[in-house]
>>> print(open('data-v3.pdb').read())   # PDB, C-alpha atoms, pLDDT in the B column
ATOM      1  CA  LEU D   9      -1.456 -53.475 -76.452  1.00 61.00           C
ATOM      2  CA  GLY D  10      -0.069 -55.980 -73.986  1.00 84.00           C
ATOM      3  CA  ARG D  11       1.585 -55.922 -70.616  1.00 93.00           C
ATOM      4  CA  MET D  12       4.397 -53.418 -70.040  1.00 96.00           C
ATOM      5  CA  THR D  13       7.419 -54.499 -67.956  1.00 97.00           C
ATOM      6  CA  LEU D  14       9.972 -51.974 -66.712  1.00 98.00           C
ATOM      7  CA  GLY D  15      13.324 -52.310 -65.020  1.00 98.00           C
ATOM      8  CA  VAL D  16      13.806 -49.194 -62.897  1.00 98.00           C
ATOM      9  CA  ILE D  17      17.136 -48.385 -61.228  1.00 98.00           C
ATOM     10  CA  LEU D  18      16.972 -45.684 -58.566  1.00 98.00           C
ATOM     11  CA  THR D  19      20.011 -44.085 -56.921  1.00 97.00           C
ATOM     12  CA  VAL D  20      18.952 -42.989 -53.440  1.00 97.00           C
ATOM     13  CA  ARG D  21      20.472 -40.804 -50.708  1.00 96.00           C
ATOM     14  CA  SER D  22      20.983 -43.061 -47.677  1.00 95.00           C
ATOM     15  CA  GLU D  23      20.083 -40.269 -45.241  1.00 96.00           C
ATOM     16  CA  ALA D  24      16.704 -39.835 -46.971  1.00 97.00           C
ATOM     17  CA  ILE D  25      15.607 -43.463 -46.760  1.00 96.00           C
ATOM     18  CA  GLU D  26      12.432 -42.624 -44.794  1.00 97.00           C
ATOM     19  CA  GLN D  27      11.280 -40.177 -47.481  1.00 97.00           C
ATOM     20  CA  PHE D  28      12.173 -42.707 -50.167  1.00 98.00           C
ATOM     21  CA  HIS D  29      10.166 -45.488 -48.534  1.00 97.00           C
ATOM     22  CA  ALA D  30       7.222 -43.119 -47.958  1.00 97.00           C
ATOM     23  CA  PHE D  31       7.270 -42.119 -51.621  1.00 98.00           C
ATOM     24  CA  GLU D  32       7.518 -45.705 -52.863  1.00 98.00           C
ATOM     25  CA  ARG D  33       4.601 -46.848 -50.666  1.00 98.00           C
ATOM     26  CA  LYS D  34       2.507 -43.981 -52.044  1.00 98.00           C
ATOM     27  CA  ALA D  35       3.614 -44.681 -55.629  1.00 98.00           C
ATOM     28  CA  ALA D  36       2.699 -48.366 -55.251  1.00 98.00           C
ATOM     29  CA  GLN D  37      -0.809 -47.404 -54.054  1.00 98.00           C
ATOM     30  CA  ILE D  38      -1.230 -45.077 -57.037  1.00 98.00           C
ATOM     31  CA  MET D  39       0.123 -47.708 -59.474  1.00 98.00           C
ATOM     32  CA  ALA D  40      -2.503 -50.138 -58.230  1.00 98.00           C
ATOM     33  CA  ARG D  41      -5.248 -47.738 -59.396  1.00 98.00           C
ATOM     34  CA  TYR D  42      -4.012 -48.328 -62.945  1.00 98.00           C
ATOM     35  CA  GLY D  43      -3.332 -52.057 -62.629  1.00 98.00           C
ATOM     36  CA  GLY D  44       0.394 -51.470 -62.071  1.00 98.00           C
ATOM     37  CA  ALA D  45       2.636 -53.019 -59.444  1.00 98.00           C
ATOM     38  CA  ILE D  46       6.169 -53.080 -58.156  1.00 98.00           C
ATOM     39  CA  GLU D  47       6.676 -56.821 -58.612  1.00 97.00           C
ATOM     40  CA  ARG D  48      10.055 -57.023 -56.903  1.00 96.00           C
ATOM     41  CA  THR D  49      12.763 -54.821 -55.430  1.00 98.00           C
ATOM     42  CA  VAL D  50      16.467 -55.467 -54.956  1.00 97.00           C
ATOM     43  CA  VAL D  51      18.710 -53.192 -52.886  1.00 96.00           C
ATOM     44  CA  LEU D  52      22.300 -52.834 -54.068  1.00 95.00           C
ATOM     45  CA  PRO D  53      25.070 -51.208 -52.046  1.00 86.00           C
ATOM     46  CA  PHE D  54      26.879 -48.324 -53.734  1.00 81.00           C
ATOM     47  CA  GLU D  55      30.401 -49.445 -52.890  1.00 80.00           C
ATOM     48  CA  THR D  56      32.173 -46.299 -54.084  1.00 85.00           C
ATOM     49  CA  ALA D  57      29.832 -43.940 -52.192  1.00 87.00           C
ATOM     50  CA  PRO D  58      28.421 -45.259 -48.890  1.00 86.00           C
ATOM     51  CA  ASP D  59      26.099 -42.240 -48.588  1.00 93.00           C
ATOM     52  CA  ARG D  60      23.870 -43.703 -51.302  1.00 95.00           C
ATOM     53  CA  PHE D  61      22.480 -46.996 -52.561  1.00 96.00           C
ATOM     54  CA  LYS D  62      20.691 -48.315 -55.613  1.00 96.00           C
ATOM     55  CA  GLU D  63      17.303 -49.962 -55.592  1.00 97.00           C
ATOM     56  CA  VAL D  64      16.164 -51.948 -58.612  1.00 98.00           C
ATOM     57  CA  HIS D  65      12.433 -52.344 -59.237  1.00 98.00           C
ATOM     58  CA  ILE D  66      10.638 -54.649 -61.641  1.00 97.00           C
ATOM     59  CA  VAL D  67       7.426 -52.776 -62.409  1.00 98.00           C
ATOM     60  CA  THR D  68       4.477 -53.951 -64.499  1.00 97.00           C
ATOM     61  CA  PHE D  69       1.453 -52.244 -66.002  1.00 98.00           C
ATOM     62  CA  PRO D  70      -1.291 -53.800 -68.105  1.00 97.00           C
ATOM     63  CA  ASN D  71      -0.338 -51.519 -71.031  1.00 96.00           C
ATOM     64  CA  ARG D  72       1.382 -48.234 -71.950  1.00 95.00           C
ATOM     65  CA  GLU D  73      -1.832 -46.247 -71.487  1.00 96.00           C
ATOM     66  CA  ALA D  74      -2.063 -47.367 -67.862  1.00 97.00           C
ATOM     67  CA  PHE D  75       1.590 -46.400 -67.310  1.00 97.00           C
ATOM     68  CA  GLU D  76       1.035 -42.950 -68.841  1.00 97.00           C
ATOM     69  CA  ALA D  77      -2.094 -42.435 -66.701  1.00 98.00           C
ATOM     70  CA  TYR D  78      -0.077 -43.340 -63.595  1.00 98.00           C
ATOM     71  CA  ARG D  79       2.667 -40.871 -64.551  1.00 97.00           C
ATOM     72  CA  ALA D  80       0.055 -38.106 -64.987  1.00 98.00           C
ATOM     73  CA  ASP D  81      -1.741 -38.817 -61.692  1.00 98.00           C
ATOM     74  CA  ALA D  82      -2.208 -35.708 -59.513  1.00 98.00           C
ATOM     75  CA  ASP D  83      -1.539 -37.665 -56.299  1.00 98.00           C
ATOM     76  CA  LEU D  84       1.799 -38.833 -57.713  1.00 98.00           C
ATOM     77  CA  ARG D  85       2.730 -35.231 -58.497  1.00 97.00           C
ATOM     78  CA  ALA D  86       1.686 -34.239 -54.971  1.00 97.00           C
ATOM     79  CA  ALA D  87       4.189 -36.748 -53.535  1.00 97.00           C
ATOM     80  CA  ALA D  88       7.036 -35.540 -55.763  1.00 96.00           C
ATOM     81  CA  HIS D  89       8.683 -33.643 -52.896  1.00 97.00           C
ATOM     82  CA  LEU D  90       9.410 -36.949 -51.135  1.00 96.00           C
ATOM     83  CA  ARG D  91      10.968 -38.334 -54.293  1.00 97.00           C
ATOM     84  CA  GLU D  92      13.024 -35.206 -54.909  1.00 97.00           C
ATOM     85  CA  ALA D  93      14.388 -35.317 -51.336  1.00 97.00           C
ATOM     86  CA  ALA D  94      15.604 -38.890 -51.751  1.00 98.00           C
ATOM     87  CA  VAL D  95      16.264 -39.855 -55.368  1.00 98.00           C
ATOM     88  CA  LEU D  96      19.470 -38.708 -57.051  1.00 97.00           C
ATOM     89  CA  ALA D  97      18.967 -40.512 -60.370  1.00 97.00           C
ATOM     90  CA  THR D  98      16.453 -42.760 -62.131  1.00 97.00           C
ATOM     91  CA  GLU D  99      16.961 -45.103 -65.062  1.00 98.00           C
ATOM     92  CA  ILE D 100      13.881 -46.630 -66.685  1.00 97.00           C
ATOM     93  CA  HIS D 101      14.314 -49.524 -69.107  1.00 97.00           C
ATOM     94  CA  GLU D 102      11.360 -51.018 -70.936  1.00 96.00           C
ATOM     95  CA  GLY D 103      11.712 -54.743 -71.434  1.00 94.00           C
ATOM     96  CA  GLU D 104       9.776 -57.951 -71.632  1.00 87.00           C
ATOM     97  CA  ASP D 105       9.413 -60.965 -69.426  1.00 82.00           C
ATOM     98  CA  GLY D 106      12.346 -63.312 -69.887  1.00 85.00           C
ATOM     99  CA  PRO D 107      12.637 -67.076 -69.547  1.00 88.00           C
ATOM    100  CA  ASP D 108      11.788 -68.888 -66.336  1.00 85.00           C
ATOM    101  CA  TYR D 109      14.971 -70.483 -65.000  1.00 90.00           C
ATOM    102  CA  HIS D 110      13.417 -72.261 -62.037  1.00 83.00           C
ATOM    103  CA  ALA D 111      14.992 -75.671 -61.680  1.00 76.00           C
ATOM    104  CA  PRO D 112      12.507 -78.535 -61.517  1.00 78.00           C
ATOM    105  CA  GLY D 113      11.797 -79.435 -57.895  1.00 67.00           C
TER     106      GLY D 113
END
>>> encode(input="data-v3.pdb", output="structure tokens")
Amino acid sequence: LGRMTLGVILTVRSEAIEQFHAFERKAAQIMARYGGAIERTVVLPFETAPDRFKEVHIVTFPNREAFEAYRADADLRAAAHLREAAVLATEIHEGEDGPDYHAPG
């Protein structure tokens, strides 16, 4: 099976940003073991609740098996306390690469 692309939307406690960043750095290292990567992140303000923000990640893995192996990784489970301290909600959407809208230079 081919490449797996995910759109992940995380709702994060602002006061736990250090734990969040520590978890995401660790998760990115673990993803790399399985050929996965956080390709891009976008931070969105949470206008109705300034004590939190959203961070959108575009994540890729070579295939579903690699993603499942990442999710089952013991080191990822060991870092779960950092995630639990910071992340209020997670949405994971499986998608596919869309069109390239870059204007010709």
>>> atom_distance(input="data-v3.pdb", atom1="CA of Gly15 (chain D)", atom2="CA of Thr49 (chain D)")
9.9 Å
>>> residues_around(input="data-v3.pdb", residues="Val95 (chain D)", least_positions_apart="5", cutoff="7 Å", atoms="only C-alpha atoms", output="ChimeraX atom specification")
/D:18-21
>>> residues_near_point(input="data-v3.pdb", point="(3.1, -56.3, -69.5)", cutoff="10 Å", atoms="only C-alpha atoms", output="list in words")
Leu9, Gly10, Arg11, Met12, Thr13, Leu14, Gly44, Val67, Thr68, Phe69, Pro70, Asn71, Arg72, Glu102, Gly103, Glu104 and Asp105 of chain D
>>> resolve_selection(input="data-v3.pdb", expression="the PyMOL selection byres ((chain D and resi 25) around 12)", output="mmCIF file with C-alpha atoms, in the coordinates of the input")
data_model
loop_
_atom_site.group_PDB
_atom_site.id
_atom_site.type_symbol
_atom_site.label_atom_id
_atom_site.label_comp_id
_atom_site.auth_asym_id
_atom_site.auth_seq_id
_atom_site.Cartn_x
_atom_site.Cartn_y
_atom_site.Cartn_z
ATOM 1 C CA THR D 19 20.011 -44.085 -56.921
ATOM 2 C CA VAL D 20 18.952 -42.989 -53.440
ATOM 3 C CA ARG D 21 20.472 -40.804 -50.708
ATOM 4 C CA SER D 22 20.983 -43.061 -47.677
ATOM 5 C CA GLU D 23 20.083 -40.269 -45.241
ATOM 6 C CA ALA D 24 16.704 -39.835 -46.971
ATOM 7 C CA GLU D 26 12.432 -42.624 -44.794
ATOM 8 C CA GLN D 27 11.280 -40.177 -47.481
ATOM 9 C CA PHE D 28 12.173 -42.707 -50.167
ATOM 10 C CA HIS D 29 10.166 -45.488 -48.534
ATOM 11 C CA ALA D 30 7.222 -43.119 -47.958
ATOM 12 C CA PHE D 31 7.270 -42.119 -51.621
ATOM 13 C CA GLU D 32 7.518 -45.705 -52.863
ATOM 14 C CA VAL D 51 18.710 -53.192 -52.886
ATOM 15 C CA ASP D 59 26.099 -42.240 -48.588
ATOM 16 C CA ARG D 60 23.870 -43.703 -51.302
ATOM 17 C CA PHE D 61 22.480 -46.996 -52.561
ATOM 18 C CA LYS D 62 20.691 -48.315 -55.613
ATOM 19 C CA GLU D 63 17.303 -49.962 -55.592
ATOM 20 C CA LEU D 90 9.410 -36.949 -51.135
ATOM 21 C CA ARG D 91 10.968 -38.334 -54.293
ATOM 22 C CA GLU D 92 13.024 -35.206 -54.909
ATOM 23 C CA ALA D 93 14.388 -35.317 -51.336
ATOM 24 C CA ALA D 94 15.604 -38.890 -51.751
ATOM 25 C CA VAL D 95 16.264 -39.855 -55.368
ATOM 26 C CA LEU D 96 19.470 -38.708 -57.051
#
>>> resolve_selection(input="data-v3.pdb", expression="the PyMOL selection byres ((chain D and resi 42) around 12)", output="VMD selection string")
chain D and resid 35 to 41 43 to 45 68 to 81
>>> write_last_selection(input="data-v3.pdb", atoms="C-alpha atoms", output="mmCIF file, keeping the file's coordinate frame")
data_model
loop_
_atom_site.group_PDB
_atom_site.id
_atom_site.type_symbol
_atom_site.label_atom_id
_atom_site.label_comp_id
_atom_site.auth_asym_id
_atom_site.auth_seq_id
_atom_site.Cartn_x
_atom_site.Cartn_y
_atom_site.Cartn_z
ATOM 1 C CA ALA D 35 3.614 -44.681 -55.629
ATOM 2 C CA ALA D 36 2.699 -48.366 -55.251
ATOM 3 C CA GLN D 37 -0.809 -47.404 -54.054
ATOM 4 C CA ILE D 38 -1.230 -45.077 -57.037
ATOM 5 C CA MET D 39 0.123 -47.708 -59.474
ATOM 6 C CA ALA D 40 -2.503 -50.138 -58.230
ATOM 7 C CA ARG D 41 -5.248 -47.738 -59.396
ATOM 8 C CA GLY D 43 -3.332 -52.057 -62.629
ATOM 9 C CA GLY D 44 0.394 -51.470 -62.071
ATOM 10 C CA ALA D 45 2.636 -53.019 -59.444
ATOM 11 C CA THR D 68 4.477 -53.951 -64.499
ATOM 12 C CA PHE D 69 1.453 -52.244 -66.002
ATOM 13 C CA PRO D 70 -1.291 -53.800 -68.105
ATOM 14 C CA ASN D 71 -0.338 -51.519 -71.031
ATOM 15 C CA ARG D 72 1.382 -48.234 -71.950
ATOM 16 C CA GLU D 73 -1.832 -46.247 -71.487
ATOM 17 C CA ALA D 74 -2.063 -47.367 -67.862
ATOM 18 C CA PHE D 75 1.590 -46.400 -67.310
ATOM 19 C CA GLU D 76 1.035 -42.950 -68.841
ATOM 20 C CA ALA D 77 -2.094 -42.435 -66.701
ATOM 21 C CA TYR D 78 -0.077 -43.340 -63.595
ATOM 22 C CA ARG D 79 2.667 -40.871 -64.551
ATOM 23 C CA ALA D 80 0.055 -38.106 -64.987
ATOM 24 C CA ASP D 81 -1.741 -38.817 -61.692
#
>>> resolve_selection(input="data-v3.pdb", expression="the PyMOL selection byres ((chain D and resi 100) around 6)", output="list in words")
Gly15, Val16, Glu99 and His101 of chain D
>>> write_last_selection(input="data-v3.pdb", atoms="C-alpha atoms", output="compact mmCIF listing (two decimals), keeping the file's coordinate frame")
# COMPACT_ATOMS: atom_id res chain seq x y z
CA GLY D 15 13.32 -52.31 -65.02
CA VAL D 16 13.81 -49.19 -62.90
CA GLU D 99 16.96 -45.10 -65.06
CA HIS D 101 14.31 -49.52 -69.11
>>> atom_distance(input="data-v3.pdb", atom1="CA of Asp83 (chain D)", atom2="CA of Arg48 (chain D)")
22.6 Å
>>> closest_residue(input="data-v3.pdb", among="D:Ala87, D:Ile17, D:Ala111, D:Ala82", to="His65 (chain D)", atoms="all atoms listed in the file")
D:Ile17
>>> decode(input="data-v3.pdb", residues="region 37-77 of chain D", atoms="N, CA and C atoms", output="tab-separated table (two decimals), in the first residue's frame")
chain	number	residue	atom	x	y	z
D	37	GLN	N	10.85	12.12	16.44
D	37	GLN	CA	12.00	11.21	16.41
D	37	GLN	C	11.52	9.77	16.25
D	38	ILE	N	10.45	9.41	16.95
D	38	ILE	CA	9.92	8.05	16.86
D	38	ILE	C	9.31	7.81	15.49
D	39	MET	N	8.57	8.80	14.95
D	39	MET	CA	8.01	8.66	13.60
D	39	MET	C	9.09	8.34	12.58
D	40	ALA	N	10.22	9.02	12.72
D	40	ALA	CA	11.31	8.84	11.76
D	40	ALA	C	11.79	7.39	11.70
D	41	ARG	N	11.70	6.67	12.82
D	41	ARG	CA	12.08	5.25	12.83
D	41	ARG	C	11.25	4.43	11.85
D	42	TYR	N	10.04	4.90	11.59
D	42	TYR	CA	9.09	4.17	10.74
D	42	TYR	C	8.88	4.86	9.40
D	43	GLY	N	9.76	5.81	9.08
D	43	GLY	CA	9.65	6.52	7.81
D	43	GLY	C	8.61	7.62	7.82
D	44	GLY	N	8.08	7.95	9.00
D	44	GLY	CA	7.07	9.00	9.13
D	44	GLY	C	7.69	10.35	9.40
D	45	ALA	N	6.90	11.40	9.19
D	45	ALA	CA	7.38	12.76	9.43
D	45	ALA	C	6.21	13.71	9.63
D	46	ILE	N	6.46	14.71	10.46
D	46	ILE	CA	5.55	15.85	10.53
D	46	ILE	C	6.05	16.80	9.44
D	47	GLU	N	5.32	16.86	8.34
D	47	GLU	CA	5.76	17.63	7.18
D	47	GLU	C	5.63	19.14	7.40
D	48	ARG	N	4.60	19.52	8.14
D	48	ARG	CA	4.34	20.95	8.34
D	48	ARG	C	3.44	21.11	9.54
D	49	THR	N	3.61	22.23	10.26
D	49	THR	CA	2.71	22.58	11.35
D	49	THR	C	2.20	23.99	11.14
D	50	VAL	N	0.99	24.22	11.60
D	50	VAL	CA	0.38	25.56	11.57
D	50	VAL	C	-0.28	25.78	12.93
D	51	VAL	N	0.04	26.89	13.57
D	51	VAL	CA	-0.54	27.22	14.87
D	51	VAL	C	-1.70	28.18	14.65
D	52	LEU	N	-2.85	27.84	15.24
D	52	LEU	CA	-4.05	28.66	15.11
D	52	LEU	C	-4.48	29.15	16.48
D	53	PRO	N	-4.74	30.45	16.62
D	53	PRO	CA	-5.25	30.93	17.90
D	53	PRO	C	-6.65	30.38	18.15
D	54	PHE	N	-6.99	30.21	19.40
D	54	PHE	CA	-8.32	29.74	19.79
D	54	PHE	C	-9.03	30.98	20.32
D	55	GLU	N	-9.69	31.71	19.44
D	55	GLU	CA	-10.17	33.05	19.76
D	55	GLU	C	-11.19	33.07	20.90
D	56	THR	N	-11.96	32.01	21.06
D	56	THR	CA	-12.97	32.02	22.12
D	56	THR	C	-12.43	31.55	23.46
D	57	ALA	N	-11.19	31.04	23.49
D	57	ALA	CA	-10.60	30.56	24.74
D	57	ALA	C	-9.09	30.79	24.68
D	58	PRO	N	-8.61	31.94	25.17
D	58	PRO	CA	-7.19	32.26	25.05
D	58	PRO	C	-6.25	31.36	25.85
D	59	ASP	N	-6.81	30.47	26.68
D	59	ASP	CA	-5.96	29.55	27.44
D	59	ASP	C	-5.60	28.30	26.64
D	60	ARG	N	-5.96	28.29	25.37
D	60	ARG	CA	-5.64	27.14	24.52
D	60	ARG	C	-5.39	27.61	23.09
D	61	PHE	N	-4.82	26.71	22.30
D	61	PHE	CA	-4.61	26.99	20.88
D	61	PHE	C	-4.73	25.68	20.13
D	62	LYS	N	-4.84	25.78	18.82
D	62	LYS	CA	-4.86	24.59	17.97
D	62	LYS	C	-3.56	24.56	17.17
D	63	GLU	N	-3.07	23.35	16.96
D	63	GLU	CA	-1.92	23.17	16.08
D	63	GLU	C	-2.30	22.10	15.08
D	64	VAL	N	-2.15	22.43	13.81
D	64	VAL	CA	-2.48	21.52	12.72
D	64	VAL	C	-1.18	20.93	12.19
D	65	HIS	N	-1.16	19.61	12.06
D	65	HIS	CA	0.02	18.91	11.53
D	65	HIS	C	-0.36	18.16	10.26
D	66	ILE	N	0.49	18.24	9.27
D	66	ILE	CA	0.41	17.35	8.10
D	66	ILE	C	1.48	16.30	8.34
D	67	VAL	N	1.03	15.05	8.48
D	67	VAL	CA	1.90	13.95	8.86
D	67	VAL	C	1.86	12.91	7.75
D	68	THR	N	3.03	12.36	7.41
D	68	THR	CA	3.09	11.31	6.39
D	68	THR	C	3.80	10.09	6.93
D	69	PHE	N	3.37	8.94	6.43
D	69	PHE	CA	4.02	7.66	6.67
D	69	PHE	C	4.07	6.93	5.33
D	70	PRO	N	5.04	6.03	5.17
D	70	PRO	CA	5.13	5.32	3.89
D	70	PRO	C	3.91	4.44	3.62
D	71	ASN	N	3.25	3.97	4.69
D	71	ASN	CA	2.07	3.11	4.53
D	71	ASN	C	1.37	2.97	5.88
D	72	ARG	N	0.22	2.33	5.90
D	72	ARG	CA	-0.56	2.15	7.13
D	72	ARG	C	0.21	1.30	8.16
D	73	GLU	N	0.92	0.29	7.68
D	73	GLU	CA	1.67	-0.57	8.60
D	73	GLU	C	2.70	0.24	9.39
D	74	ALA	N	3.38	1.16	8.72
D	74	ALA	CA	4.36	2.00	9.41
D	74	ALA	C	3.67	2.88	10.45
D	75	PHE	N	2.50	3.43	10.10
D	75	PHE	CA	1.74	4.25	11.04
D	75	PHE	C	1.33	3.43	12.26
D	76	GLU	N	0.83	2.23	12.04
D	76	GLU	CA	0.40	1.37	13.15
D	76	GLU	C	1.59	0.99	14.02
D	77	ALA	N	2.75	0.73	13.42
D	77	ALA	CA	3.95	0.41	14.20
D	77	ALA	C	4.36	1.61	15.05
